[in-house]
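Coordinates as given in my_file-v7.pdb (PDB, C-alpha atoms):
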```
ATOM      1  CA  MET A   1     -56.174  49.970 -83.719
ATOM      2  CA  THR A   2     -52.662  48.927 -82.657
ATOM      3  CA  THR A   3     -52.404  46.803 -79.521
ATOM      4  CA  THR A   4     -49.179  46.899 -77.523
ATOM      5  CA  LEU A   5     -47.856  44.945 -74.562
ATOM      6  CA  ILE A   6     -45.089  46.431 -72.421
ATOM      7  CA  THR A   7     -43.426  44.216 -69.823
ATOM      8  CA  GLY A   8     -42.384  45.777 -66.511
ATOM      9  CA  ALA A   9     -44.601  48.742 -67.297
ATOM     10  CA  ASN A  10     -45.757  49.819 -63.842
ATOM     11  CA  LYS A  11     -42.895  52.305 -63.436
ATOM     12  CA  GLY A  12     -39.876  53.932 -65.053
ATOM     13  CA  LEU A  13     -39.275  53.591 -68.766
ATOM     14  CA  GLY A  14     -42.082  51.073 -69.162
ATOM     15  CA  ARG A  15     -44.666  53.404 -67.675
ATOM     16  CA  GLU A  16     -43.491  56.379 -69.714
ATOM     17  CA  THR A  17     -43.509  54.296 -72.892
ATOM     18  CA  ALA A  18     -47.069  53.209 -72.106
ATOM     19  CA  ARG A  19     -48.129  56.823 -71.584
ATOM     20  CA  ARG A  20     -46.591  57.906 -74.883
ATOM     21  CA  LEU A  21     -48.026  55.043 -76.923
ATOM     22  CA  LEU A  22     -51.471  55.615 -75.470
ATOM     23  CA  ALA A  23     -51.180  59.190 -76.706
ATOM     24  CA  GLU A  24     -50.352  57.767 -80.151
ATOM     25  CA  GLY A  25     -53.646  55.881 -80.121
ATOM     26  CA  HIS A  26     -52.397  52.445 -79.121
ATOM     27  CA  THR A  27     -54.332  50.103 -76.891
ATOM     28  CA  VAL A  28     -51.690  49.372 -74.267
ATOM     29  CA  TYR A  29     -51.367  46.470 -71.874
ATOM     30  CA  VAL A  30     -49.344  47.267 -68.772
ATOM     31  CA  GLY A  31     -47.572  44.018 -67.954
ATOM     32  CA  ALA A  32     -46.426  43.813 -64.339
ATOM     33  CA  ARG A  33     -45.589  41.089 -61.846
ATOM     34  CA  ASP A  34     -46.903  43.225 -58.967
ATOM     35  CA  ALA A  35     -50.648  43.090 -59.588
ATOM     36  CA  GLU A  36     -51.533  45.984 -57.293
ATOM     37  CA  ARG A  37     -49.000  48.370 -58.812
ATOM     38  CA  GLY A  38     -49.798  47.201 -62.310
ATOM     39  CA  ARG A  39     -53.533  47.751 -61.942
ATOM     40  CA  ARG A  40     -53.003  51.152 -60.357
ATOM     41  CA  THR A  41     -50.694  52.230 -63.193
ATOM     42  CA  ALA A  42     -53.139  50.987 -65.829
ATOM     43  CA  GLU A  43     -55.989  52.865 -64.185
ATOM     44  CA  GLU A  44     -53.967  56.070 -63.910
ATOM     45  CA  LEU A  45     -52.887  55.927 -67.549
ATOM     46  CA  GLY A  46     -56.077  54.607 -69.093
ATOM     47  CA  ALA A  47     -54.404  51.380 -70.154
ATOM     48  CA  ARG A  48     -55.231  47.714 -69.615
ATOM     49  CA  PHE A  49     -53.503  45.548 -67.023
ATOM     50  CA  VAL A  50     -52.235  42.023 -67.492
ATOM     51  CA  HIS A  51     -50.441  40.107 -64.769
ATOM     52  CA  LEU A  52     -47.071  39.094 -66.183
ATOM     53  CA  ASP A  53     -43.918  37.832 -64.506
ATOM     54  CA  VAL A  54     -41.446  37.232 -67.329
ATOM     55  CA  THR A  55     -39.614  34.585 -65.286
ATOM     56  CA  ASP A  56     -42.773  32.530 -64.668
ATOM     57  CA  ALA A  57     -43.834  30.356 -67.612
ATOM     58  CA  GLN A  58     -47.392  29.933 -66.325
ATOM     59  CA  SER A  59     -47.778  33.681 -65.881
ATOM     60  CA  VAL A  60     -46.510  34.328 -69.414
ATOM     61  CA  ALA A  61     -48.790  31.688 -70.927
ATOM     62  CA  ALA A  62     -51.812  33.065 -69.066
ATOM     63  CA  ALA A  63     -51.046  36.605 -70.246
ATOM     64  CA  ALA A  64     -50.791  35.399 -73.842
ATOM     65  CA  LYS A  65     -54.174  33.675 -73.576
ATOM     66  CA  THR A  66     -55.765  36.790 -72.084
ATOM     67  CA  ILE A  67     -54.454  39.096 -74.794
ATOM     68  CA  GLU A  68     -55.351  36.618 -77.534
ATOM     69  CA  ALA A  69     -58.917  36.377 -76.213
ATOM     70  CA  GLU A  70     -59.199  40.170 -76.177
ATOM     71  CA  GLY A  71     -58.149  40.632 -79.786
ATOM     72  CA  GLY A  72     -54.467  39.888 -80.302
ATOM     73  CA  LEU A  73     -51.177  41.784 -80.306
ATOM     74  CA  ASP A  74     -49.272  44.028 -82.721
ATOM     75  CA  VAL A  75     -46.365  45.394 -80.697
ATOM     76  CA  LEU A  76     -44.301  43.794 -77.935
ATOM     77  CA  VAL A  77     -41.930  45.933 -75.884
ATOM     78  CA  ASN A  78     -39.587  43.750 -73.836
ATOM     79  CA  ASN A  79     -38.849  46.328 -71.167
ATOM     80  CA  ALA A  80     -38.646  44.267 -67.949
ATOM     81  CA  GLY A  81     -35.085  44.108 -66.667
ATOM     82  CA  VAL A  82     -32.848  44.154 -63.618
ATOM     83  CA  GLU A  83     -29.308  45.358 -63.025
ATOM     84  CA  GLY A  84     -28.592  43.506 -59.799
ATOM     85  CA  ARG A  85     -27.195  46.334 -57.706
ATOM     86  CA  LEU A  86     -26.319  45.818 -54.068
ATOM     87  CA  PRO A  87     -28.657  47.232 -51.376
ATOM     88  CA  ASP A  88     -26.369  50.246 -50.992
ATOM     89  CA  GLY A  89     -26.488  50.922 -54.731
ATOM     90  CA  GLY A  90     -23.074  49.444 -55.422
ATOM     91  CA  ILE A  91     -22.277  47.296 -58.444
ATOM     92  CA  VAL A  92     -21.030  43.724 -58.111
ATOM     93  CA  GLY A  93     -17.580  43.555 -59.695
ATOM     94  CA  ALA A  94     -15.808  40.649 -61.353
ATOM     95  CA  ALA A  95     -14.133  39.482 -58.135
ATOM     96  CA  ASP A  96     -17.509  38.939 -56.457
ATOM     97  CA  GLU A  97     -19.559  37.819 -59.452
ATOM     98  CA  THR A  98     -20.780  34.243 -59.243
ATOM     99  CA  ALA A  99     -22.694  31.932 -61.547
ATOM    100  CA  GLU A 100     -25.656  32.243 -59.199
ATOM    101  CA  SER A 101     -25.729  36.037 -59.274
ATOM    102  CA  MET A 102     -25.334  36.094 -63.049
ATOM    103  CA  ARG A 103     -28.085  33.522 -63.434
ATOM    104  CA  ALA A 104     -30.500  35.776 -61.544
ATOM    105  CA  LEU A 105     -30.016  38.587 -64.068
ATOM    106  CA  PHE A 106     -30.151  36.292 -67.077
ATOM    107  CA  GLU A 107     -33.444  34.826 -65.845
ATOM    108  CA  THR A 108     -35.122  38.205 -66.279
ATOM    109  CA  ASN A 109     -33.055  40.019 -68.900
ATOM    110  CA  VAL A 110     -32.498  37.150 -71.328
ATOM    111  CA  PHE A 111     -34.525  34.017 -70.576
ATOM    112  CA  GLY A 112     -37.555  36.073 -69.572
ATOM    113  CA  LEU A 113     -37.334  38.110 -72.763
ATOM    114  CA  VAL A 114     -37.108  34.954 -74.881
ATOM    115  CA  GLN A 115     -39.933  33.298 -72.945
ATOM    116  CA  VAL A 116     -42.263  36.241 -73.512
ATOM    117  CA  THR A 117     -41.301  36.662 -77.156
ATOM    118  CA  HIS A 118     -41.824  32.958 -77.867
ATOM    119  CA  ALA A 119     -45.236  32.956 -76.163
ATOM    120  CA  PHE A 120     -46.480  35.953 -78.143
ATOM    121  CA  LEU A 121     -45.009  35.016 -81.522
ATOM    122  CA  PRO A 122     -48.233  33.342 -82.712
ATOM    123  CA  LEU A 123     -50.188  36.527 -81.983
ATOM    124  CA  LEU A 124     -47.570  38.796 -83.542
ATOM    125  CA  ARG A 125     -47.432  36.702 -86.707
ATOM    126  CA  ARG A 126     -51.175  37.277 -87.193
ATOM    127  CA  SER A 127     -50.694  41.050 -87.073
ATOM    128  CA  ALA A 128     -50.508  43.088 -90.277
ATOM    129  CA  ALA A 129     -47.618  45.145 -88.846
ATOM    130  CA  PRO A 130     -45.901  43.273 -85.997
ATOM    131  CA  VAL A 131     -43.104  44.925 -84.012
ATOM    132  CA  VAL A 132     -40.811  43.816 -81.188
ATOM    133  CA  VAL A 133     -38.635  46.268 -79.260
ATOM    134  CA  ASN A 134     -35.970  44.789 -76.981
ATOM    135  CA  LEU A 135     -34.401  47.021 -74.363
ATOM    136  CA  SER A 136     -30.656  46.668 -74.497
ATOM    137  CA  SER A 137     -27.965  48.978 -73.115
ATOM    138  CA  GLY A 138     -24.874  50.848 -74.179
ATOM    139  CA  LEU A 139     -23.104  48.609 -71.688
ATOM    140  CA  SER A 140     -23.698  45.689 -74.067
ATOM    141  CA  ARG A 141     -21.104  47.064 -76.496
ATOM    142  CA  THR A 142     -17.940  45.030 -75.988
ATOM    143  CA  SER A 143     -15.819  47.418 -78.034
ATOM    144  CA  ALA A 144     -16.847  50.342 -75.821
ATOM    145  CA  LEU A 145     -16.176  48.578 -72.520
ATOM    146  CA  ALA A 146     -12.806  47.394 -73.834
ATOM    147  CA  ASP A 147     -11.779  50.952 -74.749
ATOM    148  CA  PRO A 148     -10.282  52.676 -71.679
ATOM    149  CA  THR A 149     -11.129  56.076 -73.152
ATOM    150  CA  HIS A 150     -14.825  55.316 -73.623
ATOM    151  CA  PRO A 151     -17.255  56.773 -71.033
ATOM    152  CA  THR A 152     -18.694  53.320 -70.214
ATOM    153  CA  ALA A 153     -15.306  51.678 -69.605
ATOM    154  CA  PHE A 154     -15.497  52.524 -65.884
ATOM    155  CA  TYR A 155     -18.391  50.105 -65.354
ATOM    156  CA  PRO A 156     -17.134  47.154 -63.247
ATOM    157  CA  GLY A 157     -20.148  44.852 -63.466
ATOM    158  CA  VAL A 158     -20.174  41.609 -65.442
ATOM    159  CA  ALA A 159     -23.707  40.207 -65.332
ATOM    160  CA  TYR A 160     -25.662  43.192 -66.632
ATOM    161  CA  PRO A 161     -23.471  43.955 -69.676
ATOM    162  CA  ALA A 162     -23.292  40.239 -70.494
ATOM    163  CA  SER A 163     -27.059  39.870 -70.296
ATOM    164  CA  LYS A 164     -27.633  42.839 -72.586
ATOM    165  CA  ALA A 165     -25.043  41.565 -75.069
ATOM    166  CA  ALA A 166     -27.099  38.367 -75.139
ATOM    167  CA  VAL A 167     -30.226  40.450 -75.798
ATOM    168  CA  ASN A 168     -28.484  41.930 -78.831
ATOM    169  CA  MET A 169     -27.692  38.481 -80.199
ATOM    170  CA  VAL A 170     -31.250  37.288 -79.589
ATOM    171  CA  THR A 171     -32.503  40.367 -81.444
ATOM    172  CA  VAL A 172     -30.359  39.703 -84.500
ATOM    173  CA  GLN A 173     -31.222  36.012 -84.716
ATOM    174  CA  PHE A 174     -34.959  36.510 -84.197
ATOM    175  CA  ALA A 175     -34.991  39.314 -86.773
ATOM    176  CA  LYS A 176     -33.432  36.982 -89.336
ATOM    177  CA  ALA A 177     -35.811  34.153 -88.465
ATOM    178  CA  PHE A 178     -38.952  36.304 -88.681
ATOM    179  CA  PRO A 179     -38.406  38.874 -91.447
ATOM    180  CA  GLU A 180     -42.100  39.815 -91.402
ATOM    181  CA  ILE A 181     -41.670  41.223 -87.863
ATOM    182  CA  ARG A 182     -39.727  44.421 -87.177
ATOM    183  CA  ILE A 183     -37.438  43.334 -84.316
ATOM    184  CA  ASN A 184     -34.928  45.845 -82.953
ATOM    185  CA  ALA A 185     -32.818  46.492 -79.868
ATOM    186  CA  VAL A 186     -32.615  49.952 -78.334
ATOM    187  CA  GLU A 187     -30.305  51.798 -75.969
ATOM    188  CA  PRO A 188     -32.438  54.212 -73.930
ATOM    189  CA  GLY A 189     -29.413  55.828 -72.276
ATOM    190  CA  TYR A 190     -28.468  56.278 -68.633
ATOM    191  CA  THR A 191     -31.937  57.047 -67.290
ATOM    192  CA  ARG A 192     -32.958  57.766 -63.699
ATOM    193  CA  THR A 193     -34.999  54.719 -62.672
ATOM    194  CA  ASP A 194     -35.239  52.283 -59.792
ATOM    195  CA  LEU A 195     -33.103  49.868 -61.827
ATOM    196  CA  ASN A 196     -29.986  51.966 -61.150
ATOM    197  CA  HIS A 197     -31.147  53.399 -57.812
ATOM    198  CA  ASN A 198     -32.024  56.634 -59.631
ATOM    199  CA  THR A 199     -28.405  57.445 -60.418
ATOM    200  CA  GLY A 200     -29.085  58.034 -64.128
ATOM    201  CA  THR A 201     -28.391  61.351 -65.784
ATOM    202  CA  GLN A 202     -31.493  61.692 -67.952
ATOM    203  CA  THR A 203     -35.247  61.632 -67.436
ATOM    204  CA  VAL A 204     -37.637  58.811 -68.317
ATOM    205  CA  GLU A 205     -39.112  61.125 -70.950
ATOM    206  CA  GLU A 206     -35.705  61.305 -72.634
ATOM    207  CA  GLY A 207     -35.031  57.602 -72.197
ATOM    208  CA  ALA A 208     -38.371  56.509 -73.621
ATOM    209  CA  GLU A 209     -37.893  58.466 -76.843
ATOM    210  CA  ILE A 210     -36.050  55.717 -78.757
ATOM    211  CA  ILE A 211     -38.344  52.995 -77.366
ATOM    212  CA  VAL A 212     -41.434  54.811 -78.602
ATOM    213  CA  ARG A 213     -39.826  55.612 -81.939
ATOM    214  CA  MET A 214     -39.034  51.965 -82.620
ATOM    215  CA  ALA A 215     -42.426  50.799 -81.356
ATOM    216  CA  LEU A 216     -44.007  52.981 -84.045
ATOM    217  CA  VAL A 217     -42.052  51.666 -87.038
ATOM    218  CA  GLY A 218     -44.104  50.421 -89.949
ATOM    219  CA  PRO A 219     -43.771  47.286 -92.097
ATOM    220  CA  ASP A 220     -41.038  48.958 -94.165
ATOM    221  CA  GLY A 221     -39.086  50.058 -91.088
ATOM    222  CA  PRO A 222     -35.717  48.744 -89.943
ATOM    223  CA  THR A 223     -35.243  45.344 -88.387
ATOM    224  CA  GLY A 224     -32.310  43.608 -86.743
ATOM    225  CA  THR A 225     -30.810  46.921 -85.654
ATOM    226  CA  PHE A 226     -29.382  48.442 -82.469
ATOM    227  CA  GLY A 227     -29.610  52.139 -81.871
ATOM    228  CA  ASP A 228     -30.223  55.063 -79.572
ATOM    229  CA  VAL A 229     -31.983  58.384 -79.996
ATOM    230  CA  ASN A 230     -29.114  59.656 -82.158
ATOM    231  CA  GLY A 231     -29.091  56.757 -84.619
ATOM    232  CA  PRO A 232     -27.529  53.316 -85.188
ATOM    233  CA  LEU A 233     -24.948  51.931 -82.764
ATOM    234  CA  SER A 234     -22.242  49.361 -83.382
ATOM    235  CA  TRP A 235     -22.868  46.088 -81.584
TER     236      TRP A 235
END
```
Rewrite the structure from the file as structure tokens, please.
Amino acid sequence: MTTTLITGANKGLGRETARRLLAEGHTVYVGARDAERGRRTAEELGARFVHLDVTDAQSVAAAAKTIEAEGGLDVLVNNAGVEGRLPDGGIVGAADETAESMRALFETNVFGLVQVTHAFLPLLRRSAAPVVVNLSSGLSRTSALADPTHPTAFYPGVAYPASKAAVNMVTVQFAKAFPEIRINAVEPGYTRTDLNHNTGTQTVEEGAEIIVRMALVGPDGPTGTFGDVNGPLSW
């Protein structure tokens, strides 16, 4: 039996990934910082709930102890993330970006991801087929944002693309450090979720496809890669 933890799994891509992996026979932990929503989602899906705020070290440590006591972990999906949009759905541009506003995104998207991964490494290293899937973004690709003809070049934000570029680097370095673990970054695409105020152009079912695919890779699968549903992407 494969046991999987998905952070930020009470809605959006995390919830859909949980639903799909449950259908594949995984035991799935719905990690959520909102206990009420997390428990409700777990009950609706037939999953397990674990309270987990990726920015809170005590919460992460407690979740790791709970999952260890209940049998261990094989797959970690680092799904929790924020984009930092304004209340009206607007995107903070370079002129208004501050160290404080960037720090808020990095706390969840980068430091939270590293904190969770570090806490669960001992459990993953005991697994016969450990896997880590890190949610990145097409907006992390510097070459694409620098190309005025590329579809993503319009995006004015700084913090979100920078945080996801950092996720890519973390993915590469962790994959090299732990060759026994399949560690990959994925680009789910512009998906309609609360993260982007539901402005995305594809469904969560479409967005979750690459996440699920990489969560199911075996010991001989790829590692240290970045890709979307159509195949590998340049960093």
If we count only C-alpha atoms and set the cut-off at 9 Å, which residues sit around Arg19 in chain A, ignoring sequence neighbours fewer than 6 positions away in its own chain? Please answer as a PDB file with C-alpha atoms, in the frame of the given file.
```pdb
ATOM      1  CA  VAL A  28     -51.690  49.372 -74.267  1.00  0.00           C
ATOM      2  CA  LEU A  45     -52.887  55.927 -67.549  1.00  0.00           C
ATOM      3  CA  GLY A  46     -56.077  54.607 -69.093  1.00  0.00           C
ATOM      4  CA  ALA A  47     -54.404  51.380 -70.154  1.00  0.00           C
TER       5      ALA A  47
END
```
Surrounding residues of Gly112 in chain A excluding itself and chain neighbours under 4 positions, 7 Å, only C-alpha atoms, as number ranges by chain = A: 54-55, 107-108, 116
Dump C-alpha atoms for the selected residues as a PDB file, keeping the file's coordinate frame?
```
ATOM      1  CA  VAL A  54     -41.446  37.232 -67.329  1.00  0.00           C
ATOM      2  CA  THR A  55     -39.614  34.585 -65.286  1.00  0.00           C
ATOM      3  CA  GLU A 107     -33.444  34.826 -65.845  1.00  0.00           C
ATOM      4  CA  THR A 108     -35.122  38.205 -66.279  1.00  0.00           C
ATOM      5  CA  VAL A 116     -42.263  36.241 -73.512  1.00  0.00           C
TER       6      VAL A 116
END
```
Selection result of the PyMOL selection byres ((chain A and resi 40) around 12) on this file, as a PyMOL selection string | chain A and resi 9-11+15+30-32+34-39+41-50
For Pro156 in chain A, work out the shell of residues within 9 Å, counting only C-alpha atoms and skipping chain neighbours fewer than 4 positions away, then give it as a list in words.
->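 Near Pro156 in chain A, the qualifying residues are Ile91, Val92, Gly93 and Ala94 of chain A.
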Would you kindly translate the PyMOL selection byres ((chain A and resi 136-140) around 10) into the concrete residues it picks from this file, as a VMD selection string?
-> chain A and resid 78 to 79 81 109 133 to 135 141 to 145 152 to 153 155 157 to 158 160 to 168 171 184 to 190 226 to 228 233 to 235
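Among the candidates A:Met102, A:Val82, A:Val77, A:Leu113, the one nearest to Met214 in chain A when counting all atoms listed in the file is A:Val77.
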Residue nearest Lys65 in chain A - candidates A:Pro122, A:Pro179, A:Thr4, A:Glu209, atoms counted: all atoms listed in the file =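 Of A:Pro122, A:Pro179, A:Thr4, A:Glu209, the one nearest Lys65 in chain A is A:Pro122, counting all atoms listed in the file.
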Could you check how far CA of Glu206 in chain A sits from CA of Thr3 in chain A, in Å to one decimal?
->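 Atom-to-atom, CA of Glu206 in chain A and CA of Thr3 in chain A are spaced 23.2 Å apart.
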